[in-house]
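Engineer: Next comes input-v6.pdb, PDB, C-alpha atoms:
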ATOM      1  CA  MET A   1    -106.322  15.789 -40.164  1.00  0.00           C
ATOM      2  CA  ILE A   2    -105.295  19.380 -40.819  1.00  0.00           C
ATOM      3  CA  SER A   3    -106.909  21.232 -43.696  1.00  0.00           C
ATOM      4  CA  ASP A   4    -105.078  21.839 -46.966  1.00  0.00           C
ATOM      5  CA  GLU A   5    -105.361  25.592 -46.293  1.00  0.00           C
ATOM      6  CA  LEU A   6    -103.679  25.342 -42.875  1.00  0.00           C
ATOM      7  CA  GLN A   7    -101.003  23.048 -44.247  1.00  0.00           C
ATOM      8  CA  GLY A   8    -100.318  25.596 -46.990  1.00  0.00           C
ATOM      9  CA  ILE A   9     -99.968  28.407 -44.432  1.00  0.00           C
ATOM     10  CA  ILE A  10     -97.510  26.411 -42.326  1.00  0.00           C
ATOM     11  CA  SER A  11     -95.485  25.434 -45.399  1.00  0.00           C
ATOM     12  CA  GLN A  12     -95.250  29.104 -46.402  1.00  0.00           C
ATOM     13  CA  MET A  13     -94.046  30.044 -42.915  1.00  0.00           C
ATOM     14  CA  LEU A  14     -91.130  27.648 -43.239  1.00  0.00           C
ATOM     15  CA  LYS A  15     -89.730  29.657 -46.139  1.00  0.00           C
ATOM     16  CA  PRO A  16     -87.424  32.381 -44.732  1.00  0.00           C
ATOM     17  CA  LEU A  17     -87.764  35.966 -45.937  1.00  0.00           C
ATOM     18  CA  ARG A  18     -84.465  37.442 -47.076  1.00  0.00           C
ATOM     19  CA  ASP A  19     -82.826  40.805 -47.785  1.00  0.00           C
ATOM     20  CA  ILE A  20     -85.298  42.969 -45.851  1.00  0.00           C
ATOM     21  CA  PRO A  21     -83.653  46.385 -45.220  1.00  0.00           C
ATOM     22  CA  LEU A  22     -83.174  47.286 -41.562  1.00  0.00           C
ATOM     23  CA  ASN A  23     -84.764  50.695 -42.125  1.00  0.00           C
ATOM     24  CA  VAL A  24     -87.960  49.027 -43.401  1.00  0.00           C
ATOM     25  CA  VAL A  25     -88.098  46.652 -40.422  1.00  0.00           C
ATOM     26  CA  VAL A  26     -87.454  49.371 -37.818  1.00  0.00           C
ATOM     27  CA  GLU A  27     -89.928  51.829 -39.294  1.00  0.00           C
ATOM     28  CA  GLY A  28     -92.567  49.120 -39.662  1.00  0.00           C
ATOM     29  CA  LEU A  29     -92.181  47.981 -36.042  1.00  0.00           C
ATOM     30  CA  THR A  30     -91.617  51.332 -34.334  1.00  0.00           C
ATOM     31  CA  GLY A  31     -92.736  54.104 -36.699  1.00  0.00           C
ATOM     32  CA  HIS A  32     -89.256  55.661 -36.450  1.00  0.00           C
ATOM     33  CA  LYS A  33     -86.882  56.142 -39.362  1.00  0.00           C
ATOM     34  CA  VAL A  34     -83.342  54.825 -39.617  1.00  0.00           C
ATOM     35  CA  ILE A  35     -81.361  57.804 -40.911  1.00  0.00           C
ATOM     36  CA  PRO A  36     -78.591  56.814 -43.355  1.00  0.00           C
ATOM     37  CA  PHE A  37     -75.086  58.183 -42.895  1.00  0.00           C
ATOM     38  CA  ASN A  38     -74.491  61.164 -45.194  1.00  0.00           C
ATOM     39  CA  LYS A  39     -70.813  61.695 -45.945  1.00  0.00           C
ATOM     40  CA  ARG A  40     -71.617  65.011 -47.690  1.00  0.00           C
ATOM     41  CA  SER A  41     -73.240  66.572 -44.632  1.00  0.00           C
ATOM     42  CA  LYS A  42     -71.346  68.835 -42.234  1.00  0.00           C
ATOM     43  CA  LYS A  43     -72.385  66.836 -39.162  1.00  0.00           C
ATOM     44  CA  ASP A  44     -72.210  63.111 -39.945  1.00  0.00           C
ATOM     45  CA  PRO A  45     -68.477  62.956 -40.841  1.00  0.00           C
ATOM     46  CA  LYS A  46     -67.663  64.660 -37.514  1.00  0.00           C
ATOM     47  CA  VAL A  47     -69.609  61.975 -35.638  1.00  0.00           C
ATOM     48  CA  LEU A  48     -67.740  59.304 -37.601  1.00  0.00           C
ATOM     49  CA  GLU A  49     -64.411  60.838 -36.554  1.00  0.00           C
ATOM     50  CA  VAL A  50     -65.502  60.598 -32.918  1.00  0.00           C
ATOM     51  CA  LEU A  51     -66.546  56.966 -33.327  1.00  0.00           C
ATOM     52  CA  LYS A  52     -63.197  56.140 -34.941  1.00  0.00           C
ATOM     53  CA  ARG A  53     -61.358  57.809 -32.063  1.00  0.00           C
ATOM     54  CA  VAL A  54     -63.462  55.967 -29.504  1.00  0.00           C
ATOM     55  CA  ALA A  55     -62.808  52.630 -31.243  1.00  0.00           C
ATOM     56  CA  ASP A  56     -59.064  53.321 -31.144  1.00  0.00           C
ATOM     57  CA  GLU A  57     -59.181  54.235 -27.465  1.00  0.00           C
ATOM     58  CA  VAL A  58     -61.234  51.144 -26.588  1.00  0.00           C
ATOM     59  CA  MET A  59     -58.766  48.936 -28.475  1.00  0.00           C
ATOM     60  CA  GLN A  60     -55.831  50.485 -26.627  1.00  0.00           C
ATOM     61  CA  GLU A  61     -57.445  50.099 -23.209  1.00  0.00           C
ATOM     62  CA  VAL A  62     -58.619  46.548 -23.792  1.00  0.00           C
ATOM     63  CA  ASN A  63     -55.196  45.541 -25.088  1.00  0.00           C
ATOM     64  CA  ARG A  64     -53.537  46.913 -21.949  1.00  0.00           C
ATOM     65  CA  LYS A  65     -55.810  44.921 -19.647  1.00  0.00           C
ATOM     66  CA  GLY A  66     -57.286  42.113 -21.730  1.00  0.00           C
ATOM     67  CA  ILE A  67     -60.855  40.856 -21.352  1.00  0.00           C
ATOM     68  CA  ILE A  68     -61.014  37.600 -19.415  1.00  0.00           C
ATOM     69  CA  LYS A  69     -63.927  35.378 -20.398  1.00  0.00           C
ATOM     70  CA  SER A  70     -64.662  31.685 -20.804  1.00  0.00           C
ATOM     71  CA  ARG A  71     -65.968  32.004 -24.353  1.00  0.00           C
ATOM     72  CA  PRO A  72     -65.423  34.482 -27.205  1.00  0.00           C
ATOM     73  CA  ASN A  73     -69.159  35.186 -27.564  1.00  0.00           C
ATOM     74  CA  GLU A  74     -69.091  36.742 -24.073  1.00  0.00           C
ATOM     75  CA  VAL A  75     -66.582  39.418 -25.085  1.00  0.00           C
ATOM     76  CA  GLY A  76     -69.073  41.622 -26.954  1.00  0.00           C
ATOM     77  CA  ASN A  77     -71.065  42.451 -23.819  1.00  0.00           C
ATOM     78  CA  ALA A  78     -67.833  43.091 -21.907  1.00  0.00           C
ATOM     79  CA  ILE A  79     -66.720  45.670 -24.485  1.00  0.00           C
ATOM     80  CA  GLU A  80     -69.892  47.793 -24.177  1.00  0.00           C
ATOM     81  CA  PRO A  81     -68.869  49.547 -20.911  1.00  0.00           C
ATOM     82  CA  PHE A  82     -65.555  50.567 -22.501  1.00  0.00           C
ATOM     83  CA  VAL A  83     -67.392  52.099 -25.464  1.00  0.00           C
ATOM     84  CA  VAL A  84     -69.847  53.958 -23.205  1.00  0.00           C
ATOM     85  CA  ALA A  85     -67.047  55.307 -21.013  1.00  0.00           C
ATOM     86  CA  HIS A  86     -64.995  56.602 -23.935  1.00  0.00           C
ATOM     87  CA  LEU A  87     -68.031  58.163 -25.634  1.00  0.00           C
ATOM     88  CA  ASN A  88     -68.888  59.961 -22.398  1.00  0.00           C
ATOM     89  CA  ALA A  89     -65.323  61.262 -22.232  1.00  0.00           C
ATOM     90  CA  VAL A  90     -65.869  63.148 -25.510  1.00  0.00           C
ATOM     91  CA  GLU A  91     -66.931  66.763 -25.045  1.00  0.00           C
ATOM     92  CA  ASN A  92     -70.666  67.291 -25.684  1.00  0.00           C
ATOM     93  CA  TYR A  93     -71.326  63.568 -26.065  1.00  0.00           C
ATOM     94  CA  GLU A  94     -73.493  61.500 -23.720  1.00  0.00           C
ATOM     95  CA  ALA A  95     -73.861  57.722 -23.968  1.00  0.00           C
ATOM     96  CA  HIS A  96     -76.135  55.426 -21.973  1.00  0.00           C
ATOM     97  CA  THR A  97     -78.322  52.350 -22.053  1.00  0.00           C
ATOM     98  CA  PRO A  98     -81.284  53.075 -24.365  1.00  0.00           C
ATOM     99  CA  VAL A  99     -84.547  54.167 -22.755  1.00  0.00           C
ATOM    100  CA  ALA A 100     -87.387  51.980 -24.022  1.00  0.00           C
ATOM    101  CA  VAL A 101     -91.000  52.914 -24.801  1.00  0.00           C
ATOM    102  CA  SER A 102     -91.906  52.226 -21.151  1.00  0.00           C
ATOM    103  CA  GLY A 103     -89.516  54.994 -20.044  1.00  0.00           C
ATOM    104  CA  ARG A 104     -87.168  52.508 -18.389  1.00  0.00           C
ATOM    105  CA  LYS A 105     -83.582  51.835 -19.389  1.00  0.00           C
ATOM    106  CA  LYS A 106     -83.376  48.428 -21.051  1.00  0.00           C
ATOM    107  CA  ALA A 107     -80.097  46.543 -21.453  1.00  0.00           C
ATOM    108  CA  THR A 108     -81.217  43.504 -23.459  1.00  0.00           C
ATOM    109  CA  GLY A 109     -82.043  43.543 -27.152  1.00  0.00           C
ATOM    110  CA  TYR A 110     -81.139  45.833 -30.034  1.00  0.00           C
ATOM    111  CA  PRO A 111     -79.547  48.383 -29.892  1.00  0.00           C
ATOM    112  CA  ASP A 112     -76.865  48.235 -27.184  1.00  0.00           C
ATOM    113  CA  ILE A 113     -76.148  51.944 -26.699  1.00  0.00           C
ATOM    114  CA  ALA A 114     -77.843  55.299 -27.270  1.00  0.00           C
ATOM    115  CA  PHE A 115     -75.701  58.407 -27.500  1.00  0.00           C
ATOM    116  CA  THR A 116     -76.285  62.098 -28.065  1.00  0.00           C
ATOM    117  CA  ASP A 117     -73.734  63.753 -30.335  1.00  0.00           C
ATOM    118  CA  GLU A 118     -72.322  67.304 -30.268  1.00  0.00           C
ATOM    119  CA  PHE A 119     -75.248  68.479 -32.408  1.00  0.00           C
ATOM    120  CA  GLY A 120     -77.830  67.269 -29.875  1.00  0.00           C
ATOM    121  CA  ARG A 121     -78.942  64.350 -32.055  1.00  0.00           C
ATOM    122  CA  LEU A 122     -79.802  60.900 -30.706  1.00  0.00           C
ATOM    123  CA  ASN A 123     -77.882  58.010 -32.285  1.00  0.00           C
ATOM    124  CA  TYR A 124     -77.997  54.263 -31.710  1.00  0.00           C
ATOM    125  CA  LEU A 125     -74.905  52.060 -31.564  1.00  0.00           C
ATOM    126  CA  GLU A 126     -74.631  48.268 -31.631  1.00  0.00           C
ATOM    127  CA  CYS A 127     -71.413  46.674 -30.341  1.00  0.00           C
ATOM    128  CA  LYS A 128     -70.147  43.471 -31.962  1.00  0.00           C
ATOM    129  CA  THR A 129     -67.061  41.276 -32.046  1.00  0.00           C
ATOM    130  CA  PHE A 130     -65.841  39.018 -34.816  1.00  0.00           C
ATOM    131  CA  ASN A 131     -63.196  36.462 -35.680  1.00  0.00           C
ATOM    132  CA  ILE A 132     -61.483  37.244 -38.975  1.00  0.00           C
ATOM    133  CA  LYS A 133     -61.618  33.526 -39.888  1.00  0.00           C
ATOM    134  CA  ASN A 134     -65.415  33.512 -40.165  1.00  0.00           C
ATOM    135  CA  ILE A 135     -66.185  37.096 -41.203  1.00  0.00           C
ATOM    136  CA  ASP A 136     -67.166  35.976 -44.719  1.00  0.00           C
ATOM    137  CA  THR A 137     -69.320  33.047 -43.608  1.00  0.00           C
ATOM    138  CA  ALA A 138     -73.086  32.706 -43.183  1.00  0.00           C
ATOM    139  CA  GLN A 139     -72.791  32.593 -39.393  1.00  0.00           C
ATOM    140  CA  ARG A 140     -75.608  34.660 -37.869  1.00  0.00           C
ATOM    141  CA  SER A 141     -74.310  37.590 -35.836  1.00  0.00           C
ATOM    142  CA  PHE A 142     -77.093  40.218 -35.733  1.00  0.00           C
ATOM    143  CA  TYR A 143     -80.487  39.841 -34.088  1.00  0.00           C
ATOM    144  CA  LEU A 144     -83.500  42.132 -33.832  1.00  0.00           C
ATOM    145  CA  SER A 145     -86.646  40.785 -32.163  1.00  0.00           C
ATOM    146  CA  PRO A 146     -90.058  42.509 -32.049  1.00  0.00           C
ATOM    147  CA  SER A 147     -90.976  43.817 -28.616  1.00  0.00           C
ATOM    148  CA  LYS A 148     -93.818  45.694 -26.959  1.00  0.00           C
ATOM    149  CA  ASP A 149     -91.157  47.690 -25.133  1.00  0.00           C
ATOM    150  CA  PHE A 150     -88.804  48.597 -27.975  1.00  0.00           C
ATOM    151  CA  LYS A 151     -85.570  50.454 -27.292  1.00  0.00           C
ATOM    152  CA  ILE A 152     -85.925  52.488 -30.495  1.00  0.00           C
ATOM    153  CA  THR A 153     -87.981  55.577 -29.671  1.00  0.00           C
ATOM    154  CA  ALA A 154     -86.833  58.187 -32.197  1.00  0.00           C
ATOM    155  CA  ASP A 155     -85.608  58.750 -35.739  1.00  0.00           C
ATOM    156  CA  ALA A 156     -81.841  58.261 -35.557  1.00  0.00           C
ATOM    157  CA  HIS A 157     -78.647  57.049 -37.158  1.00  0.00           C
ATOM    158  CA  HIS A 158     -77.941  53.379 -36.436  1.00  0.00           C
ATOM    159  CA  PHE A 159     -74.215  52.657 -36.207  1.00  0.00           C
ATOM    160  CA  GLY A 160     -72.300  49.470 -35.552  1.00  0.00           C
ATOM    161  CA  MET A 161     -68.899  49.254 -33.853  1.00  0.00           C
ATOM    162  CA  SER A 162     -67.332  45.847 -34.321  1.00  0.00           C
ATOM    163  CA  PHE A 163     -64.010  44.635 -32.957  1.00  0.00           C
ATOM    164  CA  GLU A 164     -61.847  41.808 -34.261  1.00  0.00           C
ATOM    165  CA  ILE A 165     -60.863  39.833 -31.180  1.00  0.00           C
ATOM    166  CA  TYR A 166     -58.177  37.211 -30.718  1.00  0.00           C
ATOM    167  CA  HIS A 167     -57.097  34.795 -27.994  1.00  0.00           C
ATOM    168  CA  ASP A 168     -53.991  36.051 -26.165  1.00  0.00           C
ATOM    169  CA  GLY A 169     -53.307  33.460 -23.505  1.00  0.00           C
ATOM    170  CA  ASN A 170     -55.138  32.083 -20.504  1.00  0.00           C
ATOM    171  CA  ALA A 171     -55.974  33.197 -16.986  1.00  0.00           C
ATOM    172  CA  GLY A 172     -56.600  30.030 -15.038  1.00  0.00           C
ATOM    173  CA  ASP A 173     -59.539  28.220 -16.632  1.00  0.00           C
ATOM    174  CA  GLU A 174     -60.560  31.299 -18.626  1.00  0.00           C
ATOM    175  CA  HIS A 175     -59.172  32.991 -21.716  1.00  0.00           C
ATOM    176  CA  ILE A 176     -57.663  36.418 -22.308  1.00  0.00           C
ATOM    177  CA  TYR A 177     -59.040  38.274 -25.331  1.00  0.00           C
ATOM    178  CA  LYS A 178     -57.619  41.333 -27.041  1.00  0.00           C
ATOM    179  CA  ILE A 179     -58.460  43.446 -30.093  1.00  0.00           C
ATOM    180  CA  ARG A 180     -56.622  43.408 -33.402  1.00  0.00           C
ATOM    181  CA  SER A 181     -58.793  45.772 -35.482  1.00  0.00           C
ATOM    182  CA  TRP A 182     -62.221  47.447 -35.634  1.00  0.00           C
ATOM    183  CA  LYS A 183     -64.943  48.455 -38.086  1.00  0.00           C
ATOM    184  CA  ILE A 184     -67.571  51.228 -37.954  1.00  0.00           C
ATOM    185  CA  LEU A 185     -70.782  50.271 -39.767  1.00  0.00           C
ATOM    186  CA  ASP A 186     -73.760  52.156 -41.178  1.00  0.00           C
ATOM    187  CA  LEU A 187     -76.532  49.726 -40.221  1.00  0.00           C
ATOM    188  CA  SER A 188     -79.129  51.569 -42.308  1.00  0.00           C
ATOM    189  CA  LYS A 189     -77.784  49.541 -45.232  1.00  0.00           C
ATOM    190  CA  LEU A 190     -78.032  46.182 -43.426  1.00  0.00           C
ATOM    191  CA  LYS A 191     -80.201  43.488 -45.060  1.00  0.00           C
ATOM    192  CA  LEU A 192     -82.021  41.145 -42.667  1.00  0.00           C
ATOM    193  CA  SER A 193     -83.566  37.711 -42.937  1.00  0.00           C
ATOM    194  CA  ILE A 194     -86.383  36.262 -40.872  1.00  0.00           C
ATOM    195  CA  LYS A 195     -87.171  32.632 -40.184  1.00  0.00           C
ATOM    196  CA  TYR A 196     -90.228  31.632 -38.213  1.00  0.00           C
ATOM    197  CA  GLU A 197     -90.003  29.099 -35.407  1.00  0.00           C
ATOM    198  CA  PHE A 198     -92.496  27.207 -33.303  1.00  0.00           C
ATOM    199  CA  ASN A 199     -91.867  27.138 -29.559  1.00  0.00           C
ATOM    200  CA  ALA A 200     -93.343  26.026 -26.248  1.00  0.00           C
ATOM    201  CA  ASP A 201     -92.685  27.047 -22.656  1.00  0.00           C
ATOM    202  CA  ASN A 202     -91.957  24.664 -19.773  1.00  0.00           C
ATOM    203  CA  LYS A 203     -95.566  24.679 -18.613  1.00  0.00           C
ATOM    204  CA  LYS A 204     -96.685  23.254 -21.942  1.00  0.00           C
ATOM    205  CA  LEU A 205     -93.685  20.950 -22.425  1.00  0.00           C
ATOM    206  CA  TYR A 206     -94.089  19.272 -19.028  1.00  0.00           C
ATOM    207  CA  ASP A 207     -97.887  19.125 -19.039  1.00  0.00           C
ATOM    208  CA  LYS A 208     -99.075  15.977 -17.242  1.00  0.00           C
ATOM    209  CA  LYS A 209    -100.870  14.873 -20.403  1.00  0.00           C
ATOM    210  CA  LEU A 210     -97.505  14.509 -22.173  1.00  0.00           C
ATOM    211  CA  ILE A 211     -95.593  12.627 -19.482  1.00  0.00           C
ATOM    212  CA  LEU A 212     -95.279   8.928 -20.203  1.00  0.00           C
ATOM    213  CA  ALA A 213     -93.006   8.123 -17.254  1.00  0.00           C
ATOM    214  CA  GLU A 214     -91.069   9.888 -14.532  1.00  0.00           C
ATOM    215  CA  LYS A 215     -89.054   9.110 -11.410  1.00  0.00           C
TER
END
Would you give me this structure, written as structure tokens?

Structural biologist:
Amino acid sequence: MISDELQGIISQMLKPLRDIPLNVVVEGLTGHKVIPFNKRSKKDPKVLEVLKRVADEVMQEVNRKGIIKSRPNEVGNAIEPFVVAHLNAVENYEAHTPVAVSGRKKATGYPDIAFTDEFGRLNYLECKTFNIKNIDTAQRSFYLSPSKDFKITADAHHFGMSFEIYHDGNAGDEHIYKIRSWKILDLSKLKLSIKYEFNADNKKLYDKKLILAEK
């Protein structure tokens, strides 16, 4: 029989926290600030112009070739190399996989890309795709998980570059995806939710004490 105190703690955990600003989460987990976009500054609007140009160039290249994938949720990762290549083609810009706290480049997790702008500032960029039919729904599309080896290692702007994709035919058993539009986001204004979950690994799940029968 669990205690009333423990039962109360577990019940509280099942209530999701909502509308937590990204800048609060990042600074709390990493100690680094998320710098908001400042349209009145001399530097930030110039970076935005570059990101807009890059998004246009990525859309044009993808639409010439198409991205061939089995499922639409695989397209986001496929777009990242296009974004990195076009950022690196901009004079005085350098884009790469973020270097984590350990000093190693880390591909998985938030954010997708780190880039240095013409002013020598580090920026982070998350690449996303969306279907216009569900853009106003409650479908979860952004994830940030705590990590001992975080990819956020400096105060920086956090941008999002999201592409509207659509199905444009098939290539054998797979689908051809192209881009219809794009959005540049200031993620410093993003509100997050958190919902706890209980989990177990295979070692615990298949413990001999749990097995009732097997063949």

Engineer: From the set A:Leu122, A:Leu185, A:Leu51, A:Thr153, which residue has the shortest atom-to-atom contact distance to A:Arg104, counting all atoms listed in the file?

Structural biologist: A:Thr153

Engineer: Taking the file as shown, what set of residues would the PyMOL selection byres ((chain A and resi 79) around 12) give back, as a compact mmCIF listing (two decimals) with C-alpha atoms, in the frame of the given file?

Structural biologist:
# COMPACT_ATOMS: atom_id res chain seq x y z
CA VAL A 54 -63.46 55.97 -29.50
CA ALA A 55 -62.81 52.63 -31.24
CA GLU A 57 -59.18 54.24 -27.46
CA VAL A 58 -61.23 51.14 -26.59
CA MET A 59 -58.77 48.94 -28.48
CA GLU A 61 -57.44 50.10 -23.21
CA VAL A 62 -58.62 46.55 -23.79
CA ASN A 63 -55.20 45.54 -25.09
CA LYS A 65 -55.81 44.92 -19.65
CA GLY A 66 -57.29 42.11 -21.73
CA ILE A 67 -60.86 40.86 -21.35
CA ILE A 68 -61.01 37.60 -19.42
CA LYS A 69 -63.93 35.38 -20.40
CA PRO A 72 -65.42 34.48 -27.20
CA ASN A 73 -69.16 35.19 -27.56
CA GLU A 74 -69.09 36.74 -24.07
CA VAL A 75 -66.58 39.42 -25.08
CA GLY A 76 -69.07 41.62 -26.95
CA ASN A 77 -71.06 42.45 -23.82
CA ALA A 78 -67.83 43.09 -21.91
CA GLU A 80 -69.89 47.79 -24.18
CA PRO A 81 -68.87 49.55 -20.91
CA PHE A 82 -65.56 50.57 -22.50
CA VAL A 83 -67.39 52.10 -25.46
CA VAL A 84 -69.85 53.96 -23.20
CA ALA A 85 -67.05 55.31 -21.01
CA HIS A 86 -65.00 56.60 -23.94
CA ASP A 112 -76.86 48.24 -27.18
CA ILE A 113 -76.15 51.94 -26.70
CA GLU A 126 -74.63 48.27 -31.63
CA CYS A 127 -71.41 46.67 -30.34
CA LYS A 128 -70.15 43.47 -31.96
CA THR A 129 -67.06 41.28 -32.05
CA MET A 161 -68.90 49.25 -33.85
CA SER A 162 -67.33 45.85 -34.32
CA PHE A 163 -64.01 44.64 -32.96
CA GLU A 164 -61.85 41.81 -34.26
CA ILE A 165 -60.86 39.83 -31.18
CA TYR A 177 -59.04 38.27 -25.33
CA LYS A 178 -57.62 41.33 -27.04
CA ILE A 179 -58.46 43.45 -30.09

Engineer: Set the distance at 12 Å and use all atoms listed in the file: which residues neighbour A:Thr108 once local chain neighbours fewer than 6 positions away are removed? I'd like the list as an MDAnalysis selection string.

Structural biologist: chainID A and resid 77 97:100 126 143:145 147 149:151

Engineer: With C-alpha atoms kept, could you save the residues just selected as a PDB file, in the coordinates of the input?

Structural biologist:
ATOM      1  CA  ASN A  77     -71.065  42.451 -23.819  1.00  0.00           C
ATOM      2  CA  THR A  97     -78.322  52.350 -22.053  1.00  0.00           C
ATOM      3  CA  PRO A  98     -81.284  53.075 -24.365  1.00  0.00           C
ATOM      4  CA  VAL A  99     -84.547  54.167 -22.755  1.00  0.00           C
ATOM      5  CA  ALA A 100     -87.387  51.980 -24.022  1.00  0.00           C
ATOM      6  CA  GLU A 126     -74.631  48.268 -31.631  1.00  0.00           C
ATOM      7  CA  TYR A 143     -80.487  39.841 -34.088  1.00  0.00           C
ATOM      8  CA  LEU A 144     -83.500  42.132 -33.832  1.00  0.00           C
ATOM      9  CA  SER A 145     -86.646  40.785 -32.163  1.00  0.00           C
ATOM     10  CA  SER A 147     -90.976  43.817 -28.616  1.00  0.00           C
ATOM     11  CA  ASP A 149     -91.157  47.690 -25.133  1.00  0.00           C
ATOM     12  CA  PHE A 150     -88.804  48.597 -27.975  1.00  0.00           C
ATOM     13  CA  LYS A 151     -85.570  50.454 -27.292  1.00  0.00           C
TER      14      LYS A 151
END

Engineer: Using only C-alpha atoms, which of the listed residues (A:Val90, A:Leu205, A:Leu14, A:Val25) sits closest to A:Leu190?

Structural biologist: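 Smallest separation from A:Leu190 among the options: A:Val25.
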
Engineer: Env of A:Lys43: 12 Å cut, atoms = all atoms listed in the file, seq-sep filter 2 positions within chain, self excluded. Answer as a PyMOL selection string.

Structural biologist: chain A and resi 37-41+45-50+117-121+157

Engineer: Env of A:Ala156: 7 Å cut, atoms = all atoms listed in the file, seq-sep filter 2 positions within chain, self excluded. Answer as a PyMOL selection string.

Structural biologist: chain A and resi 33-35+122-124+154+158

Engineer: Rank nothing, just name the residue among A:Lys52, A:Leu22, A:Val101, A:Leu29 nearest to A:Phe142, using all atoms listed in the file.

Structural biologist: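 Closest to A:Phe142, using all atoms listed in the file: A:Leu22.
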
Engineer: When you count all atoms listed in the file, which of these residues is closest to A:Trp182: A:Arg53, A:His32, A:Lys208, A:His167?

Structural biologist: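 Closest candidate: A:Arg53.
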
Engineer: May I ask which of the residues A:Thr30, A:Ile132, A:Phe115, A:Glu91 is the closest one to A:Lys148, counting all atoms listed in the file?

Structural biologist: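 When distances to A:Lys148 are compared using all atoms listed in the file, the smallest one comes from A:Thr30.
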
Engineer: Of the candidates A:Gly8, A:Gly172, A:Pro16, A:Gly31, which one gets nearest to A:Ser193 if we count all atoms listed in the file?

Structural biologist: A:Pro16

Engineer: Near A:Lys133, within 12 Å and counting all atoms listed in the file, which residues show up once chain neighbours fewer than 3 positions away are dropped, as an mmCIF file with C-alpha atoms, keeping the file's coordinate frame?

Structural biologist:
data_model
loop_
_atom_site.group_PDB
_atom_site.id
_atom_site.type_symbol
_atom_site.label_atom_id
_atom_site.label_comp_id
_atom_site.auth_asym_id
_atom_site.auth_seq_id
_atom_site.Cartn_x
_atom_site.Cartn_y
_atom_site.Cartn_z
ATOM 1 C CA PHE A 130 -65.841 39.018 -34.816
ATOM 2 C CA ASP A 136 -67.166 35.976 -44.719
ATOM 3 C CA THR A 137 -69.320 33.047 -43.608
ATOM 4 C CA ALA A 138 -73.086 32.706 -43.183
ATOM 5 C CA GLN A 139 -72.791 32.593 -39.393
ATOM 6 C CA GLU A 164 -61.847 41.808 -34.261
ATOM 7 C CA ILE A 165 -60.863 39.833 -31.180
ATOM 8 C CA TYR A 166 -58.177 37.211 -30.718
#
